[in-house]
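Q: This is the content of run05.tsv (TSV, C-alpha atoms):
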chain	number	residue	atom	x	y	z
A	26	MET	CA	-87.14	-107.17	32.99
A	27	HIS	CA	-85.68	-110.44	31.88
A	28	HIS	CA	-82.40	-110.39	29.96
A	29	LYS	CA	-81.94	-113.19	27.40
A	30	LEU	CA	-78.57	-114.98	27.77
A	31	GLN	CA	-76.58	-114.55	24.60
A	32	THR	CA	-74.78	-117.64	23.29
A	33	THR	CA	-72.20	-117.81	20.57
A	34	SER	CA	-73.27	-119.80	17.53
A	35	PRO	CA	-71.22	-122.99	16.89
A	36	LEU	CA	-70.91	-121.86	13.28
A	37	ILE	CA	-69.27	-118.62	14.37
A	38	LEU	CA	-66.84	-120.54	16.58
A	39	LEU	CA	-65.95	-122.85	13.69
A	40	PHE	CA	-65.45	-119.86	11.41
A	41	CYS	CA	-63.16	-118.17	13.92
A	42	LEU	CA	-61.16	-121.38	14.33
A	43	ALA	CA	-60.80	-121.76	10.57
A	44	VAL	CA	-59.57	-118.18	10.25
A	45	PHE	CA	-57.04	-118.74	13.06
A	46	ILE	CA	-55.66	-121.92	11.45
A	47	SER	CA	-55.45	-120.22	8.05
A	48	CYS	CA	-53.51	-117.31	9.55
A	49	GLN	CA	-51.14	-119.73	11.28
A	50	ASN	CA	-50.49	-121.60	8.03
A	51	LYS	CA	-49.89	-118.37	6.12
A	52	SER	CA	-47.49	-117.21	8.83
A	53	LYS	CA	-45.59	-120.49	8.55
A	54	GLN	CA	-45.39	-120.20	4.76
A	55	HIS	CA	-44.00	-116.68	5.04
A	56	THR	CA	-41.27	-117.74	7.46
A	57	GLU	CA	-40.15	-120.78	5.45
A	58	ASN	CA	-37.30	-119.66	3.23
A	59	TRP	CA	-37.39	-122.18	0.39
A	60	LYS	CA	-34.56	-121.77	-2.11
A	61	SER	CA	-34.68	-122.80	-5.75
A	62	LEU	CA	-31.79	-125.07	-6.78
A	63	PHE	CA	-32.64	-124.99	-10.50
A	64	ASN	CA	-32.97	-121.72	-12.42
A	65	GLY	CA	-35.08	-123.18	-15.23
A	66	LYS	CA	-32.65	-121.90	-17.86
A	67	ASP	CA	-29.45	-123.96	-17.77
A	68	LEU	CA	-27.41	-126.45	-15.73
A	69	ASN	CA	-25.46	-123.83	-13.80
A	70	ASP	CA	-24.79	-124.96	-10.21
A	71	TRP	CA	-25.09	-128.63	-11.23
A	72	VAL	CA	-22.42	-131.14	-12.25
A	73	VAL	CA	-22.95	-134.24	-14.38
A	74	LYS	CA	-21.30	-137.63	-13.90
A	75	ILE	CA	-22.18	-140.47	-16.29
A	76	LYS	CA	-20.65	-143.93	-16.07
A	77	GLY	CA	-17.71	-144.35	-18.43
A	78	HIS	CA	-17.25	-140.58	-18.85
A	79	PRO	CA	-15.32	-138.02	-16.81
A	80	LEU	CA	-16.93	-135.69	-14.29
A	81	GLY	CA	-18.57	-132.77	-16.07
A	82	ASP	CA	-19.07	-134.56	-19.42
A	83	ASN	CA	-22.79	-134.38	-20.20
A	84	TYR	CA	-22.50	-137.36	-22.56
A	85	ASN	CA	-24.95	-137.26	-25.48
A	86	ASN	CA	-26.75	-134.32	-23.86
A	87	THR	CA	-28.32	-136.69	-21.35
A	88	PHE	CA	-29.40	-133.77	-19.17
A	89	VAL	CA	-31.06	-130.84	-20.96
A	90	VAL	CA	-33.19	-127.84	-20.00
A	91	GLU	CA	-36.31	-127.12	-22.04
A	92	GLU	CA	-39.19	-124.76	-21.20
A	93	GLY	CA	-38.12	-124.42	-17.56
A	94	VAL	CA	-37.85	-128.18	-17.04
A	95	LEU	CA	-34.75	-130.30	-16.36
A	96	LYS	CA	-35.04	-133.35	-18.61
A	97	VAL	CA	-33.27	-136.69	-18.87
A	98	ASN	CA	-33.22	-137.25	-22.62
A	99	TYR	CA	-31.94	-140.10	-24.81
A	100	LYS	CA	-32.46	-138.67	-28.30
A	101	ALA	CA	-28.75	-139.00	-29.13
A	102	TYR	CA	-28.44	-142.58	-27.80
A	103	ASP	CA	-28.40	-145.67	-30.03
A	104	SER	CA	-28.28	-147.87	-26.93
A	105	PHE	CA	-28.12	-147.15	-23.21
A	106	ASN	CA	-25.03	-149.33	-22.72
A	107	ASN	CA	-25.16	-149.07	-18.91
A	108	SER	CA	-24.58	-145.31	-19.04
A	109	PHE	CA	-26.03	-144.71	-15.59
A	110	GLY	CA	-25.90	-141.01	-14.83
A	111	HIS	CA	-26.39	-138.51	-12.03
A	112	ILE	CA	-26.56	-134.74	-11.93
A	113	TYR	CA	-25.37	-133.27	-8.61
A	114	TYR	CA	-26.13	-129.94	-7.02
A	115	LYS	CA	-22.83	-128.17	-6.37
A	116	THR	CA	-22.89	-128.09	-2.55
A	117	PRO	CA	-23.68	-130.67	0.17
A	118	PHE	CA	-26.50	-130.37	2.70
A	119	SER	CA	-27.23	-131.88	6.11
A	120	ASN	CA	-30.56	-130.80	7.64
A	121	TYR	CA	-33.21	-129.84	5.11
A	122	LYS	CA	-36.42	-130.43	3.25
A	123	PHE	CA	-36.09	-131.07	-0.48
A	124	ARG	CA	-39.00	-130.98	-2.88
A	125	MET	CA	-39.72	-131.10	-6.59
A	126	GLN	CA	-42.11	-132.50	-9.18
A	127	TYR	CA	-41.25	-135.29	-11.59
A	128	ARG	CA	-42.84	-137.30	-14.36
A	129	PHE	CA	-41.83	-140.08	-16.72
A	130	THR	CA	-42.37	-139.59	-20.44
A	131	GLY	CA	-42.09	-141.57	-23.66
A	132	ASP	CA	-40.35	-144.90	-24.03
A	133	GLN	CA	-37.26	-146.36	-22.43
A	134	VAL	CA	-34.12	-146.15	-24.56
A	135	ALA	CA	-32.94	-149.38	-26.24
A	136	GLY	CA	-30.60	-151.40	-24.06
A	137	GLY	CA	-32.05	-150.29	-20.74
A	138	ALA	CA	-32.65	-152.97	-18.11
A	139	GLY	CA	-36.19	-154.16	-17.49
A	140	TRP	CA	-36.12	-152.95	-13.88
A	141	ALA	CA	-35.09	-149.46	-15.05
A	142	ARG	CA	-38.27	-148.79	-17.03
A	143	ARG	CA	-39.96	-145.71	-15.54
A	144	ASN	CA	-37.30	-145.70	-12.84
A	145	SER	CA	-35.27	-142.78	-11.49
A	146	GLY	CA	-34.32	-141.41	-8.10
A	147	ILE	CA	-33.18	-138.65	-5.81
A	148	MET	CA	-29.87	-139.57	-4.21
A	149	ILE	CA	-29.32	-137.87	-0.84
A	150	HIS	CA	-26.27	-137.85	1.45
A	151	CYS	CA	-24.21	-138.67	-1.69
A	152	GLU	CA	-20.46	-139.00	-1.64
A	153	ASP	CA	-18.58	-136.13	-3.29
A	154	PRO	CA	-19.00	-136.41	-7.10
A	155	LYS	CA	-15.29	-135.60	-7.45
A	156	ASN	CA	-14.55	-138.99	-5.86
A	157	ILE	CA	-16.82	-141.03	-8.16
A	158	GLY	CA	-14.94	-143.65	-10.20
A	159	LEU	CA	-14.94	-143.43	-13.99
A	160	ASP	CA	-16.93	-146.65	-14.31
A	161	GLN	CA	-18.85	-146.44	-11.03
A	162	ASP	CA	-22.57	-147.19	-11.39
A	163	PHE	CA	-24.03	-145.28	-8.43
A	164	PRO	CA	-22.73	-142.97	-5.69
A	165	VAL	CA	-22.65	-144.25	-2.14
A	166	SER	CA	-25.85	-142.62	-0.93
A	167	ILE	CA	-29.45	-143.02	0.21
A	168	GLU	CA	-31.83	-143.24	-2.75
A	169	VAL	CA	-35.39	-141.96	-2.74
A	170	GLN	CA	-36.50	-144.22	-5.58
A	171	LEU	CA	-38.99	-142.78	-8.09
A	172	LEU	CA	-41.08	-145.29	-10.05
A	173	GLY	CA	-43.89	-144.95	-12.56
A	174	GLY	CA	-46.68	-147.44	-13.12
A	175	LEU	CA	-46.32	-150.04	-15.86
A	176	ASP	CA	-49.94	-149.83	-17.08
A	177	SER	CA	-51.10	-152.64	-14.80
A	178	GLY	CA	-50.36	-153.83	-11.27
A	179	GLU	CA	-49.08	-151.90	-8.29
A	180	ARG	CA	-45.73	-150.09	-8.32
A	181	PRO	CA	-45.33	-147.61	-5.45
A	182	THR	CA	-42.99	-144.64	-5.66
A	183	GLY	CA	-40.96	-142.80	-3.03
A	184	ASN	CA	-39.27	-146.08	-2.08
A	185	LEU	CA	-35.88	-146.52	-0.41
A	186	CYS	CA	-32.76	-148.04	-1.98
A	187	THR	CA	-29.36	-148.14	-0.32
A	188	PRO	CA	-26.25	-148.19	-2.57
A	189	GLY	CA	-23.37	-148.73	-0.14
A	190	THR	CA	-25.52	-147.80	2.85
A	191	HIS	CA	-27.80	-149.16	5.56
A	192	VAL	CA	-30.60	-147.59	7.62
A	193	VAL	CA	-32.58	-148.46	10.74
A	194	ILE	CA	-36.29	-149.33	10.42
A	195	ASN	CA	-38.39	-150.27	13.46
A	196	ASN	CA	-35.24	-150.29	15.60
A	197	GLU	CA	-33.53	-152.88	13.38
A	198	LEU	CA	-30.62	-152.40	10.96
A	199	TYR	CA	-32.05	-152.81	7.49
A	200	THR	CA	-29.50	-154.31	5.08
A	201	SER	CA	-31.62	-155.30	2.06
A	202	HIS	CA	-31.15	-153.09	-0.98
A	203	CYS	CA	-34.68	-151.69	-1.40
A	204	ILE	CA	-37.92	-151.32	0.55
A	205	ASN	CA	-41.26	-150.18	-0.85
A	206	SER	CA	-43.17	-147.20	0.47
A	207	SER	CA	-46.90	-147.10	1.15
A	208	SER	CA	-47.62	-144.81	-1.82
A	209	LYS	CA	-50.13	-145.53	-4.52
A	210	THR	CA	-49.12	-146.21	-8.14
A	211	TYR	CA	-48.89	-143.32	-10.60
A	212	HIS	CA	-49.42	-144.31	-14.22
A	213	GLY	CA	-48.83	-142.33	-17.38
A	214	ASP	CA	-47.07	-138.98	-17.66
A	215	GLN	CA	-48.72	-137.16	-14.74
A	216	TRP	CA	-46.62	-134.87	-12.55
A	217	VAL	CA	-46.00	-136.20	-9.04
A	218	LYS	CA	-44.85	-134.12	-6.05
A	219	VAL	CA	-42.07	-135.61	-3.94
A	220	GLU	CA	-40.62	-134.17	-0.74
A	221	VAL	CA	-37.85	-135.52	1.48
A	222	GLU	CA	-37.20	-134.39	5.03
A	223	VAL	CA	-33.62	-135.09	6.07
A	224	ARG	CA	-32.47	-134.66	9.67
A	225	ASN	CA	-28.71	-135.17	9.54
A	226	ASP	CA	-28.03	-138.81	10.58
A	227	SER	CA	-31.31	-139.02	12.49
A	228	ILE	CA	-34.74	-139.35	10.83
A	229	ILE	CA	-35.50	-139.26	7.09
A	230	LYS	CA	-39.06	-139.08	5.75
A	231	HIS	CA	-40.44	-139.50	2.22
A	232	PHE	CA	-43.62	-137.69	1.10
A	233	ILE	CA	-45.55	-138.27	-2.13
A	234	ASN	CA	-48.19	-135.68	-3.00
A	235	GLY	CA	-48.11	-134.54	0.62
A	236	GLU	CA	-48.51	-137.99	2.18
A	237	ASN	CA	-45.80	-139.48	4.42
A	238	VAL	CA	-45.15	-142.83	2.72
A	239	LEU	CA	-41.88	-143.96	4.36
A	240	GLN	CA	-39.72	-143.17	7.39
A	241	TYR	CA	-36.40	-144.52	8.66
A	242	SER	CA	-33.40	-143.41	10.70
A	243	LYS	CA	-29.66	-143.64	11.32
A	244	PRO	CA	-28.34	-143.71	7.72
A	245	GLN	CA	-24.84	-145.16	7.70
A	246	ILE	CA	-22.13	-146.64	5.51
A	247	GLY	CA	-22.52	-150.37	4.80
A	248	GLY	CA	-23.12	-152.99	2.15
A	249	PRO	CA	-21.62	-153.71	-1.28
A	250	VAL	CA	-20.11	-151.04	-3.53
A	251	ASP	CA	-18.57	-151.24	-7.01
A	252	TYR	CA	-15.68	-148.80	-6.51
A	253	ASN	CA	-13.14	-147.97	-3.79
A	254	VAL	CA	-14.19	-151.16	-2.02
A	255	GLU	CA	-11.51	-151.23	0.68
A	256	PHE	CA	-12.08	-147.63	1.69
A	257	TRP	CA	-15.83	-148.05	2.10
A	258	LYS	CA	-15.36	-151.33	3.93
A	259	SER	CA	-13.19	-149.50	6.45
A	260	GLN	CA	-15.96	-146.92	6.93
A	261	GLU	CA	-18.75	-149.43	7.60
A	262	GLY	CA	-21.12	-148.25	10.33
A	263	THR	CA	-20.05	-144.60	10.05
A	264	PRO	CA	-23.13	-142.33	10.34
A	265	LEU	CA	-24.08	-140.36	7.22
A	266	LYS	CA	-24.53	-136.81	8.46
A	267	LYS	CA	-24.51	-134.88	5.19
A	268	GLY	CA	-23.85	-135.19	1.50
A	269	PHE	CA	-24.68	-134.06	-1.99
A	270	ILE	CA	-28.07	-134.32	-3.70
A	271	SER	CA	-28.28	-135.84	-7.18
A	272	LEU	CA	-30.95	-136.84	-9.68
A	273	GLN	CA	-30.66	-140.02	-11.73
A	274	SER	CA	-30.65	-141.00	-15.38
A	275	GLU	CA	-31.27	-144.75	-15.59
A	276	SER	CA	-32.49	-145.23	-19.22
A	277	HIS	CA	-36.07	-143.90	-19.15
A	278	PRO	CA	-36.83	-140.26	-20.06
A	279	VAL	CA	-37.88	-138.32	-16.98
A	280	GLU	CA	-38.51	-134.65	-16.23
A	281	PHE	CA	-37.92	-132.58	-13.07
A	282	LYS	CA	-39.19	-129.10	-12.16
A	283	ASN	CA	-39.69	-126.76	-9.19
A	284	ILE	CA	-36.57	-128.13	-7.49
A	285	GLU	CA	-36.31	-126.46	-4.08
A	286	ILE	CA	-34.64	-126.82	-0.70
A	287	LEU	CA	-35.44	-125.51	2.77
A	288	GLU	CA	-32.49	-125.70	5.14
A	289	LEU	CA	-33.52	-126.48	8.71
Starting from the file, give its structure as structure tokens.
A:
Amino acid sequence: MHHKLQTTSPLILLFCLAVFISCQNKSKQHTENWKSLFNGKDLNDWVVKIKGHPLGDNYNNTFVVEEGVLKVNYKAYDSFNNSFGHIYYKTPFSNYKFRMQYRFTGDQVAGGAGWARRNSGIMIHCEDPKNIGLDQDFPVSIEVQLLGGLDSGERPTGNLCTPGTHVVINNELYTSHCINSSSKTYHGDQWVKVEVEVRNDSIIKHFINGENVLQYSKPQIGGPVDYNVEFWKSQEGTPLKKGFISLQSESHPVEFKNIEILEL
């Protein structure tokens, strides 16, 4: 009697592989302990600092919570008047992944700079908000710049800007203020997912809608600042190992939601 050799179908093998990968991904999701930083109800755990106003003064209700969304709103403004603002989470972080969704809405408030149209940012490794000067524009930090399209032309998001800081790119100290990412342009009021992976003073990565669009390393103090100049000059070259996280108000209405962190 002849016995026919049984072979396993390639389709069955592919199916088994797909099931294995799916199980691995689900296992990873279950072990990742993401924490919400925003409760969707109020500004508890966050502190506001707006240029020209003391820490904690949410001038003109710049930051509001509506329908589970944290909004930068200029309804009470006659003119922006360089009222650059930031809202800081209450505690600093060092090694983590940060993610949220954002979108730009409506029109820029009167008096806002041309470059600030559809412009906001996530500031990471920020200096302590308690040390921010009354008339200081921006915290010393690394900025994950968020930009919206201007109806025509390319305008990537998830860029890098460096207020009072430098980073290393391709093994060279990068001292220019901003560098564009490789992301596409997002027009209109669509929600965009942004994620930042921060490894202390080592590698930092920017992701837009799941795509790695920028990477750099060795964040450190350096470059011009508009407050406490002598102190920061004396710190030049010092590695940035940790800091606060803040979200910007730069004259264009913008909304943030699903703000989460995963400490590594």
Q: Using 8 Å as the limit and counting only C-alpha atoms, can you tabulate each residue of region 37-127 of chain A that touches region 273-287 of chain A, with its shortest atom-to-atom distance in Å and the two atoms involved, as a tab-separated table?
A:
residue	atom	partner	partner_atom	distance
A:Glu57	CA	A:Leu287	CA	7.2
A:Asn58	CA	A:Leu287	CA	6.2
A:Trp59	CA	A:Leu287	CA	4.5
A:Lys60	CA	A:Ile286	CA	5.2
A:Ser61	CA	A:Glu285	CA	4.3
A:Leu62	CA	A:Glu285	CA	5.4
A:Phe63	CA	A:Ile284	CA	5.9
A:Gly65	CA	A:Lys282	CA	7.8
A:Thr87	CA	A:Ser274	CA	7.7
A:Gly93	CA	A:Lys282	CA	7.2
A:Val94	CA	A:Lys282	CA	5.1
A:Leu95	CA	A:Phe281	CA	5.1
A:Lys96	CA	A:Glu280	CA	4.4
A:Val97	CA	A:Pro278	CA	5.2
A:Asn98	CA	A:Pro278	CA	5.4
A:Tyr99	CA	A:Pro278	CA	6.8
A:Phe105	CA	A:Ser276	CA	6.2
A:Ser108	CA	A:Glu275	CA	7.5
A:Phe109	CA	A:Glu275	CA	5.2
A:Gly110	CA	A:Ser274	CA	4.8
A:His111	CA	A:Gln273	CA	4.5
A:Ile112	CA	A:Gln273	CA	6.7
A:Tyr121	CA	A:Leu287	CA	5.4
A:Lys122	CA	A:Leu287	CA	5.0
A:Phe123	CA	A:Ile286	CA	4.5
A:Arg124	CA	A:Glu285	CA	5.4
A:Met125	CA	A:Ile284	CA	4.4
A:Gln126	CA	A:Lys282	CA	5.4
A:Tyr127	CA	A:Phe281	CA	4.5
Q: Atoms to include: C-alpha atoms. Write the selected residues as a PDB file, in the frame of the given file.
A:
ATOM      1  CA  GLU A  57     -40.150-120.780   5.450  1.00  0.00           C
ATOM      2  CA  ASN A  58     -37.300-119.660   3.230  1.00  0.00           C
ATOM      3  CA  TRP A  59     -37.390-122.180   0.390  1.00  0.00           C
ATOM      4  CA  LYS A  60     -34.560-121.770  -2.110  1.00  0.00           C
ATOM      5  CA  SER A  61     -34.680-122.800  -5.750  1.00  0.00           C
ATOM      6  CA  LEU A  62     -31.790-125.070  -6.780  1.00  0.00           C
ATOM      7  CA  PHE A  63     -32.640-124.990 -10.500  1.00  0.00           C
ATOM      8  CA  GLY A  65     -35.080-123.180 -15.230  1.00  0.00           C
ATOM      9  CA  THR A  87     -28.320-136.690 -21.350  1.00  0.00           C
ATOM     10  CA  GLY A  93     -38.120-124.420 -17.560  1.00  0.00           C
ATOM     11  CA  VAL A  94     -37.850-128.180 -17.040  1.00  0.00           C
ATOM     12  CA  LEU A  95     -34.750-130.300 -16.360  1.00  0.00           C
ATOM     13  CA  LYS A  96     -35.040-133.350 -18.610  1.00  0.00           C
ATOM     14  CA  VAL A  97     -33.270-136.690 -18.870  1.00  0.00           C
ATOM     15  CA  ASN A  98     -33.220-137.250 -22.620  1.00  0.00           C
ATOM     16  CA  TYR A  99     -31.940-140.100 -24.810  1.00  0.00           C
ATOM     17  CA  PHE A 105     -28.120-147.150 -23.210  1.00  0.00           C
ATOM     18  CA  SER A 108     -24.580-145.310 -19.040  1.00  0.00           C
ATOM     19  CA  PHE A 109     -26.030-144.710 -15.590  1.00  0.00           C
ATOM     20  CA  GLY A 110     -25.900-141.010 -14.830  1.00  0.00           C
ATOM     21  CA  HIS A 111     -26.390-138.510 -12.030  1.00  0.00           C
ATOM     22  CA  ILE A 112     -26.560-134.740 -11.930  1.00  0.00           C
ATOM     23  CA  TYR A 121     -33.210-129.840   5.110  1.00  0.00           C
ATOM     24  CA  LYS A 122     -36.420-130.430   3.250  1.00  0.00           C
ATOM     25  CA  PHE A 123     -36.090-131.070  -0.480  1.00  0.00           C
ATOM     26  CA  ARG A 124     -39.000-130.980  -2.880  1.00  0.00           C
ATOM     27  CA  MET A 125     -39.720-131.100  -6.590  1.00  0.00           C
ATOM     28  CA  GLN A 126     -42.110-132.500  -9.180  1.00  0.00           C
ATOM     29  CA  TYR A 127     -41.250-135.290 -11.590  1.00  0.00           C
TER      30      TYR A 127
END
Q: Which distance in Å separates CA of Thr187 (chain A) and CA of Thr130 (chain A), to one decimal?
A: 25.4 Å
Q: Nearest residue to Gly235 (chain A) out of A:Lys218, A:Lys100, A:Lys209, A:His191, using only C-alpha atoms?
A: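 Looking only at the distances to Gly235 (chain A), the closest residue turns out to be A:Lys218.
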Q: Using all atoms listed in the file, which residue out of A:Val238, A:Ile194, A:Val73, A:Ala141 lies closest to Ile157 (chain A)?
A: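 That would be A:Val73, the residue with the smallest distance to Ile157 (chain A).
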Q: Rounded to one decimal, what separation in Å do you get between CA of Asn196 (chain A) and CA of Ile228 (chain A)?
A: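 The value is 11.9 Å.
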Q: Write out as number ranges by chain which residues come within 6 Å of Cys151 (chain A) when counting only C-alpha atoms, dropping same-chain ones fewer than 3 positions away.
A: A: 165-166, 268-269
Q: Given the choices A:Asp82, A:Glu288, A:Glu220, A:Asp103, which gets closest to Gln170 (chain A) if the distance is worked out from all atoms listed in the file?
A: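 Residue with the minimum atom-to-atom distance to Gln170 (chain A): A:Glu220.
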Q: Using only C-alpha atoms, which residue out of A:Ser271, A:Thr116, A:Asn195, A:Asn184 lies closest to Lys230 (chain A)?
A: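 Closest to Lys230 (chain A), using only C-alpha atoms: A:Asn184.
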Q: Taking into account only C-alpha atoms, which residue in the set A:Lys115, A:Lys66, A:His231, A:Lys258 is nearest to Asp153 (chain A)?
A: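 Checking each candidate against Asp153 (chain A), we get A:Lys115 as the closest.
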Q: Taking into account only C-alpha atoms, which residue in the set A:Thr263, A:Asn234, A:Ser177, A:Thr182 is nearest to Ser208 (chain A)?
A: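 Using only C-alpha atoms, the shortest distance to Ser208 (chain A) belongs to A:Thr182.
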Q: Quick one: everything within 12 Å of Glu197 (chain A), counting all atoms listed in the file, minus sequence neighbours fewer than 6 positions away in the same chain. Send it as a PyMOL selection string.
A: chain A and resi 191+241-244
Q: With C-alpha atoms retained, could you export that selection as a short mmCIF file (atom, residue, chain, number, x, y, z; two decimals), in the coordinates of the input?
A:
data_model
loop_
_atom_site.label_atom_id
_atom_site.label_comp_id
_atom_site.auth_asym_id
_atom_site.auth_seq_id
_atom_site.Cartn_x
_atom_site.Cartn_y
_atom_site.Cartn_z
CA HIS A 191 -27.80 -149.16 5.56
CA TYR A 241 -36.40 -144.52 8.66
CA SER A 242 -33.40 -143.41 10.70
CA LYS A 243 -29.66 -143.64 11.32
CA PRO A 244 -28.34 -143.71 7.72
#
Q: Let me know the centre plus edge lengths, in Å and rounded to one decimal, of a box with edges along x, y and z that contains all listed atoms of region 185-201 of chain A and is padded by 5 Å on every side, as JSON.
A:
{"center_x": -30.9, "center_y": -150.9, "center_z": 6.5, "size_x": 25.0, "size_y": 18.8, "size_z": 28.2}
Q: List as a ChimeraX atom specification the protein and nucleic acid residues near Glu179 (chain A), meaning an atom at most 12 Å away when all atoms listed in the file are counted, but skip any in the same chain fewer than 6 places from it.
A: /A:172-173,205-212
Q: CA of Gln215 (chain A) and CA of Arg128 (chain A) are how many Å apart?
A: 5.9 Å
Q: Which neighbours of Gln260 (chain A) fall inside 10 Å, counting only C-alpha atoms, when residues of the same chain fewer than 6 positions from it are skipped, and could you give them as an MDAnalysis selection string?
A: chainID A and resid 245:247
Q: Supply region 200-207 of chain A as a compact mmCIF listing (two decimals), in the frame of the given file, with all heavy atoms built in where the input has gaps.
A:
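Once written, selection_31.txt looks like this:
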# COMPACT_ATOMS: atom_id res chain seq x y z
N THR A 200 -30.64 -154.10 5.98
CA THR A 200 -29.50 -154.31 5.08
C THR A 200 -29.91 -154.74 3.67
O THR A 200 -29.04 -154.87 2.81
CB THR A 200 -28.53 -155.36 5.66
OG1 THR A 200 -29.22 -156.60 5.86
CG2 THR A 200 -27.96 -154.88 6.99
N SER A 201 -31.20 -154.99 3.41
CA SER A 201 -31.62 -155.30 2.06
C SER A 201 -31.50 -154.05 1.20
O SER A 201 -31.50 -152.92 1.71
CB SER A 201 -33.07 -155.79 2.05
OG SER A 201 -33.17 -157.01 2.76
N HIS A 202 -31.45 -154.23 -0.11
CA HIS A 202 -31.15 -153.09 -0.98
C HIS A 202 -32.31 -152.11 -1.10
O HIS A 202 -32.10 -150.90 -1.15
CB HIS A 202 -30.72 -153.58 -2.36
CG HIS A 202 -30.36 -152.46 -3.30
ND1 HIS A 202 -29.43 -151.48 -2.97
CD2 HIS A 202 -30.82 -152.13 -4.53
CE1 HIS A 202 -29.32 -150.63 -3.98
NE2 HIS A 202 -30.15 -150.99 -4.93
N CYS A 203 -33.54 -152.59 -1.20
CA CYS A 203 -34.68 -151.69 -1.40
C CYS A 203 -35.87 -152.07 -0.53
O CYS A 203 -36.04 -153.24 -0.17
CB CYS A 203 -35.14 -151.71 -2.87
SG CYS A 203 -33.98 -150.95 -4.02
N ILE A 204 -36.68 -151.09 -0.18
CA ILE A 204 -37.92 -151.32 0.55
C ILE A 204 -38.99 -150.41 -0.05
O ILE A 204 -38.73 -149.24 -0.34
CB ILE A 204 -37.76 -151.07 2.06
CG1 ILE A 204 -39.08 -151.38 2.79
CG2 ILE A 204 -37.30 -149.66 2.35
CD1 ILE A 204 -38.97 -151.35 4.31
N ASN A 205 -40.18 -150.96 -0.26
CA ASN A 205 -41.26 -150.18 -0.85
C ASN A 205 -41.91 -149.24 0.16
O ASN A 205 -41.99 -149.55 1.35
CB ASN A 205 -42.34 -151.10 -1.42
CG ASN A 205 -41.92 -151.73 -2.74
OD1 ASN A 205 -40.93 -151.32 -3.36
ND2 ASN A 205 -42.66 -152.72 -3.19
N SER A 206 -42.40 -148.13 -0.34
CA SER A 206 -43.17 -147.20 0.47
C SER A 206 -44.64 -147.62 0.45
O SER A 206 -45.01 -148.61 -0.18
CB SER A 206 -43.03 -145.78 -0.10
OG SER A 206 -43.89 -145.62 -1.23
N SER A 207 -45.47 -146.83 1.11
CA SER A 207 -46.90 -147.10 1.15
C SER A 207 -47.66 -146.28 0.11
O SER A 207 -48.88 -146.19 0.16
CB SER A 207 -47.45 -146.80 2.55
OG SER A 207 -47.28 -145.41 2.86
